[in-house]
Structures are given as C-alpha cells and as structure tokens.
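Quick look at target22.txt (compact mmCIF, C-alpha atoms):
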# COMPACT_ATOMS: atom_id res chain seq x y z
CA MET A 1 269.43 266.57 -38.80
CA ARG A 2 266.86 269.33 -39.33
CA THR A 3 264.70 267.16 -41.60
CA ALA A 4 264.36 264.55 -38.85
CA LEU A 5 262.85 267.26 -36.66
CA ASN A 6 260.22 267.96 -39.33
CA ILE A 7 261.73 271.39 -40.07
CA GLN A 8 260.41 272.49 -43.46
CA ALA A 9 262.73 273.06 -46.42
CA PRO A 10 262.11 276.86 -46.69
CA VAL A 11 263.15 277.29 -43.04
CA ILE A 12 266.29 275.15 -43.52
CA TYR A 13 267.10 277.16 -46.65
CA GLU A 14 266.78 280.46 -44.73
CA GLU A 15 269.11 279.15 -42.01
CA LEU A 16 271.71 278.18 -44.64
CA TYR A 17 271.28 281.52 -46.43
CA THR A 18 271.76 283.42 -43.15
CA VAL A 19 275.09 281.68 -42.55
CA HIS A 20 276.44 281.27 -46.10
CA GLY A 21 274.69 284.07 -48.01
CA ASP A 22 274.80 283.59 -51.79
CA GLN A 23 277.12 280.60 -51.38
CA ALA A 24 274.16 278.65 -49.95
CA PRO A 25 272.43 276.09 -52.20
CA CYS A 26 269.16 277.27 -53.70
CA LEU A 27 265.76 276.38 -52.23
CA ARG A 28 265.15 273.77 -54.93
CA THR A 29 268.34 271.94 -53.95
CA VAL A 30 267.44 272.03 -50.24
CA GLU A 31 263.99 270.67 -51.04
CA ARG A 32 265.59 267.83 -53.01
CA TRP A 33 267.97 267.06 -50.15
CA CYS A 34 265.12 267.01 -47.64
CA LYS A 35 263.18 264.62 -49.85
CA ARG A 36 266.18 262.30 -50.09
CA PHE A 37 266.72 262.25 -46.33
CA ARG A 38 263.03 261.52 -45.72
CA GLU A 39 263.33 258.58 -48.11
CA GLY A 40 266.20 257.20 -46.05
CA GLN A 41 269.15 258.32 -48.17
CA GLU A 42 272.21 259.30 -46.14
CA GLU A 43 274.50 260.77 -48.82
CA LEU A 44 274.00 264.02 -50.75
CA GLU A 45 276.29 263.26 -53.66
CA ASP A 46 274.54 262.25 -56.88
CA GLU A 47 275.05 258.70 -58.01
CA ALA A 48 277.72 258.23 -60.65
CA ARG A 49 276.53 258.59 -64.22
CA PRO A 50 278.33 256.62 -66.97
CA GLY A 51 280.75 258.66 -69.04
CA ARG A 52 280.51 261.81 -66.91
CA PRO A 53 283.28 262.87 -64.51
CA ILE A 54 282.12 263.37 -60.95
CA SER A 55 284.96 264.55 -58.74
CA GLU A 56 287.88 265.45 -61.02
CA THR A 57 289.37 268.93 -60.95
CA THR A 58 291.20 268.51 -64.23
CA PRO A 59 292.33 271.48 -66.34
CA GLU A 60 289.57 270.62 -68.81
CA ASN A 61 286.89 270.69 -66.13
CA ILE A 62 288.24 273.94 -64.69
CA GLU A 63 288.16 275.53 -68.13
CA GLN A 64 284.63 274.27 -68.71
CA VAL A 65 283.38 275.87 -65.49
CA ARG A 66 285.25 279.09 -66.30
CA LEU A 67 283.54 279.36 -69.68
CA ILE A 68 280.11 278.74 -68.14
CA ILE A 69 280.65 281.55 -65.64
CA GLU A 70 282.00 283.91 -68.30
CA ASP A 71 278.84 283.30 -70.28
CA ASP A 72 276.60 284.05 -67.27
CA LEU A 73 278.13 285.78 -64.24
CA CYS A 74 274.96 285.10 -62.24
CA VAL A 75 274.99 281.33 -62.78
CA THR A 76 274.54 279.31 -59.60
CA ILE A 77 276.78 276.46 -58.49
CA GLU A 78 273.86 274.09 -59.05
CA GLU A 79 273.37 275.27 -62.63
CA ALA A 80 277.08 274.93 -63.39
CA GLN A 81 276.96 271.45 -61.83
CA GLU A 82 274.07 270.45 -64.07
CA GLN A 83 275.82 271.73 -67.20
CA THR A 84 279.13 269.98 -66.49
CA GLY A 85 278.00 266.77 -64.80
CA LEU A 86 280.45 267.40 -61.95
CA SER A 87 279.45 266.95 -58.32
CA TYR A 88 278.29 270.00 -56.38
CA GLY A 89 281.37 269.93 -54.15
CA THR A 90 283.77 269.68 -57.09
CA THR A 91 282.05 272.53 -58.92
CA GLN A 92 282.25 274.67 -55.80
CA ARG A 93 285.96 273.88 -55.27
CA ILE A 94 286.77 274.77 -58.88
CA ILE A 95 285.02 278.12 -58.55
CA THR A 96 286.43 279.12 -55.17
CA ASP A 97 289.85 277.40 -55.06
CA HIS A 98 290.99 277.21 -58.69
CA LEU A 99 289.20 280.16 -60.31
CA GLN A 100 289.35 282.12 -57.02
CA LEU A 101 285.94 283.67 -57.54
CA THR A 102 283.51 284.81 -54.90
CA LYS A 103 279.90 285.91 -55.25
CA ILE A 104 279.08 289.38 -53.98
CA THR A 105 276.06 291.63 -53.90
CA ALA A 106 275.83 295.37 -53.58
CA ARG A 107 275.39 296.68 -50.04
CA TYR A 108 272.58 299.21 -49.82
CA LEU A 109 272.37 301.98 -47.23
CA PRO A 110 268.87 303.38 -46.52
CA LYS A 111 270.36 306.89 -46.41
CA GLN A 112 273.30 308.92 -45.15
CA LEU A 113 272.56 309.51 -41.48
CA THR A 114 273.16 312.87 -39.80
CA ASP A 115 274.64 313.15 -36.33
CA PHE A 116 271.18 313.95 -34.96
CA GLN A 117 269.65 310.86 -36.60
CA ARG A 118 272.42 308.60 -35.27
CA ASN A 119 271.96 310.03 -31.78
CA GLU A 120 268.20 309.47 -32.03
CA ARG A 121 268.75 305.86 -33.07
CA VAL A 122 270.93 305.30 -30.02
CA ARG A 123 268.60 307.16 -27.64
CA ILE A 124 265.44 305.33 -28.75
CA CYS A 125 267.14 301.92 -28.78
CA GLN A 126 268.47 302.48 -25.26
CA GLN A 127 265.03 303.58 -24.11
CA ASN A 128 263.33 300.55 -25.64
CA LEU A 129 265.94 298.09 -24.41
CA ALA A 130 265.62 299.40 -20.85
CA LYS A 131 261.86 298.73 -20.83
CA PHE A 132 262.31 295.19 -22.09
CA ARG A 133 265.08 294.45 -19.61
CA ASN A 134 263.29 295.83 -16.56
CA GLY A 135 260.12 293.91 -17.40
CA THR A 136 257.94 296.89 -18.34
CA TRP A 137 257.54 295.36 -21.81
CA ARG A 138 257.58 291.70 -22.81
CA LEU A 139 258.42 290.41 -26.28
CA CYS A 140 255.45 288.02 -26.21
CA ASN A 141 253.13 291.06 -26.15
CA VAL A 142 254.73 292.88 -29.08
CA VAL A 143 252.84 293.21 -32.36
CA THR A 144 254.77 294.62 -35.31
CA GLY A 145 253.61 295.53 -38.79
CA ASP A 146 254.30 297.59 -41.88
CA GLU A 147 253.38 298.05 -45.54
CA SER A 148 255.26 296.86 -48.60
CA TRP A 149 254.73 296.52 -52.34
CA PHE A 150 254.79 292.97 -53.75
CA TYR A 151 255.26 292.45 -57.49
CA HIS A 152 253.08 289.92 -59.30
CA LYS A 153 255.95 288.73 -61.51
CA GLN A 154 259.33 287.80 -60.08
CA ILE A 155 262.58 288.74 -61.82
CA GLY A 156 265.09 285.91 -62.24
CA ARG A 157 266.33 283.90 -59.32
CA LYS A 158 266.32 284.90 -55.67
CA SER A 159 270.05 285.65 -55.95
CA SER A 160 269.93 287.17 -59.43
CA ASN A 161 271.72 290.30 -58.22
CA ALA A 162 274.80 288.26 -57.31
CA ALA A 163 277.55 287.42 -59.80
CA TRP A 164 280.94 285.70 -59.73
CA VAL A 165 283.80 288.21 -59.77
CA ALA A 166 287.56 288.01 -59.38
CA LYS A 167 289.26 289.65 -56.43
CA GLY A 168 289.43 293.41 -56.90
CA ASP A 169 286.78 293.54 -59.65
CA PRO A 170 283.84 295.93 -59.22
CA PRO A 171 280.45 294.60 -58.00
CA PRO A 172 277.67 293.86 -60.51
CA THR A 173 275.05 296.39 -61.51
CA ILE A 174 271.31 295.79 -61.27
CA ILE A 175 268.60 296.78 -63.75
CA ARG A 176 265.64 298.27 -61.90
CA ARG A 177 262.12 297.01 -62.45
CA ASN A 178 259.73 298.92 -64.66
CA LYS A 179 257.69 301.12 -62.31
CA PHE A 180 254.55 300.10 -64.20
CA ASP A 181 254.96 296.38 -63.53
CA PRO A 182 251.86 294.96 -61.77
CA LYS A 183 252.20 295.11 -57.99
CA THR A 184 249.99 295.16 -54.89
CA LEU A 185 250.46 296.98 -51.60
CA PHE A 186 250.15 294.79 -48.49
CA SER A 187 249.82 295.69 -44.82
CA ILE A 188 251.07 292.82 -42.67
CA PHE A 189 251.20 292.39 -38.90
CA PHE A 190 252.59 289.53 -36.81
CA LYS A 191 253.76 288.67 -33.30
CA SER A 192 256.02 286.04 -31.79
CA THR A 193 253.39 283.33 -32.29
CA GLY A 194 252.76 283.99 -35.97
CA PRO A 195 250.66 286.08 -38.40
CA LEU A 196 247.86 288.37 -37.25
CA LEU A 197 246.79 290.38 -40.31
CA ILE A 198 247.55 290.14 -44.03
CA HIS A 199 245.65 292.88 -45.85
CA HIS A 200 246.05 293.86 -49.49
CA VAL A 201 245.11 297.34 -50.65
CA GLU A 202 242.98 297.58 -53.80
CA TRP A 203 244.65 299.23 -56.76
CA GLY A 204 244.22 303.01 -56.72
CA GLN A 205 243.53 303.14 -52.98
CA THR A 206 246.01 304.98 -50.79
CA ILE A 207 246.57 304.38 -47.09
CA ASP A 208 245.68 307.53 -45.18
CA HIS A 209 245.11 307.65 -41.43
CA GLN A 210 241.40 306.75 -41.64
CA TYR A 211 241.97 303.84 -44.02
CA TYR A 212 244.73 302.63 -41.71
CA ILE A 213 242.38 302.67 -38.72
CA ASP A 214 239.38 301.10 -40.48
CA ASN A 215 241.12 298.44 -42.57
CA CYS A 216 244.30 297.65 -40.66
CA LEU A 217 244.17 298.51 -36.98
CA GLU A 218 240.53 297.57 -36.26
CA PRO A 219 240.81 294.12 -37.95
CA LEU A 220 244.20 293.66 -36.25
CA LEU A 221 242.79 294.27 -32.76
CA ASN A 222 239.82 292.03 -33.50
CA GLU A 223 242.17 289.23 -34.53
CA ILE A 224 244.22 289.70 -31.37
CA ARG A 225 241.03 289.36 -29.30
CA HIS A 226 240.13 286.23 -31.27
CA GLN A 227 243.55 284.67 -30.70
CA ARG A 228 243.68 285.74 -27.02
CA PRO A 229 240.11 285.31 -25.75
CA SER A 230 241.19 285.45 -22.10
CA TYR A 231 243.42 288.50 -22.35
CA GLY A 232 242.17 290.37 -25.43
CA THR A 233 244.38 293.37 -26.14
CA ASN A 234 245.54 293.74 -22.54
CA HIS A 235 249.29 294.49 -22.35
CA ILE A 236 249.63 294.53 -26.17
CA ILE A 237 252.32 296.90 -27.39
CA LEU A 238 252.44 297.94 -31.03
CA HIS A 239 255.61 298.52 -33.03
CA GLN A 240 255.34 300.38 -36.33
CA ASP A 241 257.64 302.66 -38.29
CA ASN A 242 257.30 306.41 -38.74
CA GLY A 243 255.12 306.38 -41.84
CA ARG A 244 252.78 309.38 -42.01
CA PRO A 245 249.52 307.43 -41.44
CA HIS A 246 251.09 305.65 -38.45
CA LEU A 247 251.92 308.90 -36.67
CA HIS A 248 248.69 310.78 -37.39
CA LYS A 249 246.98 312.17 -34.28
CA ASN A 250 243.74 310.29 -35.06
CA VAL A 251 245.68 307.03 -35.13
CA SER A 252 247.39 307.84 -31.84
CA ASP A 253 244.06 308.75 -30.27
CA TYR A 254 242.44 305.54 -31.54
CA LEU A 255 245.24 303.35 -30.14
CA GLU A 256 245.12 305.20 -26.83
CA SER A 257 241.36 304.68 -26.63
CA GLU A 258 241.93 300.95 -27.12
CA GLY A 259 244.61 300.86 -24.42
CA ILE A 260 247.41 300.05 -26.87
CA THR A 261 250.93 301.21 -26.05
CA THR A 262 253.15 302.06 -29.01
CA ILE A 263 256.90 301.44 -29.19
CA PRO A 264 258.96 304.35 -30.54
CA HIS A 265 260.80 303.60 -33.77
CA PRO A 266 264.09 305.37 -34.60
CA PRO A 267 264.14 307.53 -37.76
CA ASN A 268 265.44 306.02 -41.01
CA SER A 269 265.81 302.59 -39.43
CA PRO A 270 264.58 299.70 -41.60
CA ASP A 271 267.40 297.69 -40.02
CA LEU A 272 265.46 297.90 -36.75
CA SER A 273 262.07 296.86 -38.14
CA PRO A 274 261.34 293.10 -38.14
CA CYS A 275 259.19 293.47 -41.25
CA ASP A 276 262.07 295.07 -43.15
CA PHE A 277 265.06 293.11 -41.88
CA TRP A 278 263.33 289.72 -41.98
CA LEU A 279 259.77 289.16 -43.15
CA PHE A 280 259.28 291.09 -46.37
CA ASP A 281 262.51 289.97 -47.99
CA LEU A 282 261.90 286.38 -46.89
CA ILE A 283 258.45 286.36 -48.51
CA LYS A 284 259.64 287.98 -51.75
CA ARG A 285 262.51 285.50 -52.14
CA ASN A 286 260.02 282.63 -51.99
CA LEU A 287 257.22 283.92 -54.22
CA SER A 288 256.38 282.64 -57.67
CA ASP A 289 254.48 284.54 -60.38
CA HIS A 290 250.83 285.47 -59.83
CA ASN A 291 248.28 286.97 -62.19
CA ASP A 292 246.23 288.99 -59.72
CA ALA A 293 246.19 290.48 -56.23
CA GLN A 294 244.04 287.75 -54.70
CA SER A 295 246.27 284.87 -55.81
CA LEU A 296 249.28 286.84 -54.57
CA HIS A 297 247.46 287.38 -51.25
CA ASP A 298 246.75 283.66 -50.99
CA ALA A 299 250.40 282.79 -51.70
CA ILE A 300 251.71 285.21 -49.07
CA THR A 301 249.20 283.90 -46.53
CA GLU A 302 250.11 280.29 -47.24
CA PHE A 303 253.82 281.03 -46.93
CA MET A 304 253.51 282.95 -43.67
CA TYR A 305 251.45 280.20 -42.06
CA SER A 306 253.91 277.56 -43.31
CA LEU A 307 256.72 279.08 -41.25
CA ASN A 308 257.50 277.45 -37.94
CA LYS A 309 256.37 279.56 -34.97
CA GLU A 310 259.90 279.38 -33.64
CA GLU A 311 261.02 281.49 -36.62
CA TYR A 312 258.72 284.31 -35.56
CA LYS A 313 259.96 284.08 -31.97
CA LYS A 314 263.62 284.13 -33.04
CA THR A 315 262.98 287.27 -35.09
CA PHE A 316 261.96 289.21 -32.00
CA ASP A 317 265.05 287.97 -30.17
CA LYS A 318 267.14 289.20 -33.12
CA TRP A 319 265.33 292.54 -32.92
CA ILE A 320 266.64 293.00 -29.38
CA GLU A 321 270.14 292.04 -30.55
CA ARG A 322 269.91 294.58 -33.37
CA MET A 323 268.92 297.39 -31.04
CA GLN A 324 271.97 296.61 -28.90
CA LEU A 325 274.16 296.54 -32.02
CA CYS A 326 272.84 299.96 -32.99
CA VAL A 327 273.80 301.30 -29.58
CA ASP A 328 277.24 299.66 -29.70
CA ASN A 329 277.85 301.08 -33.19
CA GLN A 330 276.97 304.64 -32.15
CA GLY A 331 273.85 304.71 -34.27
CA HIS A 332 275.53 303.82 -37.56
CA TYR A 333 274.02 301.15 -39.80
CA PHE A 334 275.47 297.86 -38.62
CA GLU A 335 274.20 295.04 -40.84
CA HIS A 336 277.55 294.65 -42.60
CA LEU A 337 279.01 293.78 -39.18
CA MET A 338 276.57 290.95 -38.54
CA LYS A 339 277.61 287.33 -39.05
Whole structure given in structure tokens:
Amino acid sequence: MRTALNIQAPVIYEELYTVHGDQAPCLRTVERWCKRFREGQEELEDEARPGRPISETTPENIEQVRLIIEDDLCVTIEEAQEQTGLSYGTTQRIITDHLQLTKITARYLPKQLTDFQRNERVRICQQNLAKFRNGTWRLCNVVTGDESWFYHKQIGRKSSNAAWVAKGDPPPTIIRRNKFDPKTLFSIFFKSTGPLLIHHVEWGQTIDHQYYIDNCLEPLLNEIRHQRPSYGTNHIILHQDNGRPHLHKNVSDYLESEGITTIPHPPNSPDLSPCDFWLFDLIKRNLSDHNDAQSLHDAITEFMYSLNKEEYKKTFDKWIERMQLCVDNQGHYFEHLMK
C-alpha cells in the first residue's frame, strides 16, 4: 500500500492518473482514502446510510445517473456518487457498463511536422541517446528548465475538459481563457534530485538574453554550487528548449565560460521536454486560486518541494524512454501511443 510507505496523496493521484487518465478518482478522493488508511480503515466503500441504495444497479438508479450526466457532461464519478447516494463502484459500473459512456479529451498536436523536422527529431534523439548510453553524459548531472505562464485563477476542475460521450459521438469543445486574465510568467529549473530555481518574472518584463543570464542562469548556477559544494558545476549539462533567449550567442558564450555543456533539443518537441511533458501540467492541475504573483510563487514552490525526489528521478528515466519512442516512431509525435 502506497500510504504505508508514506507516499503523499498528490503523488499517488498522479500515478493513478497516469494509468487511468480521466477515469481516475480526483485528488480530493485520493486524499480522503489516504486519510482513512492512515486511521486504520481497510475498506474504501462508504458505510451504509439508512434509506439510500448503495450497490443496486436498478433501472431507476441507471436513469438517475443518466439524467445527472445529461445535465452536466463534465460531471465526475464522485459527484454523481454524491448526488445519488450510490457507491463509487456502482456509479462507475452504471456509467461504463449500462450507459456505455467513456470520458475523452481532445488530443492536441504541437504542430504539423515537416519531413525535415521529423528527421531532425530522430537525429538529435539518436545523438543524445548515444551519449547517455556510452557514459559521456549521466542523467544525475542533467539540469532542465523552461518558462511557462501560470494563471492566478483556475478554471473548473482539473479534468474540466473531459466529458461523458456515447460511442461515436464527437469530442467536447473547450472555451479558451480570456487573454487578459491575471497570469505570471515563471522560469523553473530542476534536476533528478529536485528543484533548483523557481523564478517569477515581474509583470511587464520580458525575458531577453541578458535578463535570462542575470536572473535565471546566474542564480541557477549559484544554487547548483550551493547544493553540490564538493563538485560545483563540474560535469553539469543543461537541457533547454529552442526559445530565442536560450539560443542567443551571449547565452551560449556565458554557459561556455562557466564550463556548462548544453544538450541539443529537437525542434517543435514539447513531448521531449520534461518541463512540458511532466512538470508544468502537474503543477497547474494542483494549483488553487491566488490573488498575486508572490502567493502563486509560494504555492508553486511548496508543491514542487512536496514531491518525492523519486518522482524527479523517474521523470528523467521517462525522458530517455521518450527519446527512444521518437526514434522508433520515425520522428512523429508519439504520446498517443504511450500507455
């Protein structure tokens, strides 16, 4: 049992979500289960409540669940359970077996890749994999980072873009956020042992090459030296995407002067960036509302440091697996093939 190993609820939730997707119970449910197990309870089913059916899949109960879903296609199993008084398992069986519904989300492609871009993805992944496999590079020395916008107010639930649909029905549509909603740009770096730098950019400030050096790279290298007093930045290799500030000659010269090797990143490849395929989405799915940039910064920091170090390490192992998948799939996007 993961709770017995002192694995925190957000990590257990992410493991369930990775396997079951939108069929997984929500974080609140996982937190409640963890609390029950810590208190010595061994069963997950709710205790019977007088006058309320618990495990009956009667025509009346099926119709009740159907009406709830028709009223809100994005309703979760837990919410339907609470409205009907049925057990979680019964509610799930009614939805999947009797109503034959499944929850789906739209699959996004970063862009339509050209033959050249696919070939570059394969070439760079093969080149990077060879250096890791022959011992030139080691995952424990990799630092990765990127920038992302974080909204102060969250829209709906973490799975609010998923809805119950019958077989053959079209996927749901999503209303985009207002571009003027309050948000803050963050630059975040981490390695296999955990966070290194969480920097928020003041409103109105843009990240050019000099800002990137002064406010991101210099503090990052100082933190690495602090965390590795014996080794400093020796053997550190930096992975970043192909954003314009990252590739500026002044940035390259600065990193070279500090003895930092950079790892090439394939073009148009968020599926090969640990920040994009793991960290940023994980943070955003676990944020609550915040009134200002500093409270948002504090929440992101707290969440990142709450994650088990093993989660960071596993992400770099998955990065290697993804590069191999890219090669095996001839450079095409491959995430829909992952289990």
Inset, instruction - For the point (286.3, 273.4, -68.6) in the file's frame, write as an NGL selection string all residues with an atom no more than 12 Å away, counting all atoms listed in the file. - result: :A and (53 or 56-70 or 80-81 or 83-86 or 91 or 94-95 or 98-99)
Inset, instruction - Can you work out the spacing between atom CA of Phe150 of chain A and atom CA of Pro182 of chain A in Å, to one decimal? - result: 8.8 Å
Legend entry - Using all atoms listed in the file: which of A:Cys26, A:Cys326, A:Gln8, A:Phe116 has the shortest distance to Arg38 of chain A: A:Gln8
Residues around (252.5, 291.2, -27.5), cut-off 7 Å, counting only C-alpha atoms - what are they as a short mmCIF file (atom, residue, chain, number, x, y, z; two decimals) with C-alpha atoms, in the coordinates of the input?
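So the final result, stored in point_22.cif, reads:
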data_model
loop_
_atom_site.label_atom_id
_atom_site.label_comp_id
_atom_site.auth_asym_id
_atom_site.auth_seq_id
_atom_site.Cartn_x
_atom_site.Cartn_y
_atom_site.Cartn_z
CA ARG A 138 257.58 291.70 -22.81
CA LEU A 139 258.42 290.41 -26.28
CA CYS A 140 255.45 288.02 -26.21
CA ASN A 141 253.13 291.06 -26.15
CA VAL A 142 254.73 292.88 -29.08
CA VAL A 143 252.84 293.21 -32.36
CA LYS A 191 253.76 288.67 -33.30
CA HIS A 235 249.29 294.49 -22.35
CA ILE A 236 249.63 294.53 -26.17
CA ILE A 237 252.32 296.90 -27.39
#
Legend entry - Shortest interatomic distance to Val201 of chain A - which of A:Lys309, A:Arg244, A:His297, A:Lys111, counting all atoms listed in the file: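 Of A:Lys309, A:Arg244, A:His297, A:Lys111, the one nearest Val201 of chain A, counting all atoms listed in the file, is A:His297.
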Legend entry - Interatomic distance, atom CA of Leu337 of chain A to atom CA of Lys167 of chain A (Å, one decimal): 20.5 Å
Legend entry - Two-atom distance - atom CA of Val30 of chain A, atom CA of Asp281 of chain A (Å):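 Pair atom CA of Val30 of chain A / atom CA of Asp281 of chain A returns 18.7 Å.
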Inset, instruction - Fewer than 5 positions away in the same chain doesn't count, so skip those; otherwise give me all residues within 12 Å of Phe180 of chain A, counting only C-alpha atoms, as number ranges by chain. - result: A: 151-153
Inset, instruction - Give the answer as one residue: which of A:Asn308, A:Lys284, A:Gln294, A:Pro170 has the shortest atom-to-atom distance to Ile155 of chain A, using only C-alpha atoms? - result: A:Lys284
Inset, instruction - Choose the residue, out of A:Asp292, A:Asp253, A:Asp271, A:Glu302, that has the smallest atom-to-atom separation from Trp319 of chain A; count only C-alpha atoms. - result: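 Ranked by minimum distance to Trp319 of chain A, first place goes to A:Asp271.
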Inset, instruction - Go through A:Asn250, A:Ile263, A:Ile207, A:Ile198 and flag the residue nearest Ala299 of chain A, using all atoms listed in the file for the distances. - result: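 So, comparing all the options, the nearest one is A:Ile198.
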Legend entry - Using all atoms listed in the file: which of A:His248, A:Tyr211, A:Ile320, A:Gln227 has the shortest distance to Ala130 of chain A: A:Ile320
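Near Thr29 of chain A, within a cut-off of 12 Å and counting all atoms listed in the file, sit the residues Ala9, Pro10, Ile12, Tyr13, Leu16, Ala24, Pro25, Cys26, Arg32, Trp33, Cys34, Lys35, Arg36, Leu44, Glu45, Asp46, Thr76, Ile77, Glu78, Glu79, Gln81, Glu82 and Tyr88 of chain A, with same-chain residues fewer than 3 positions away left out.
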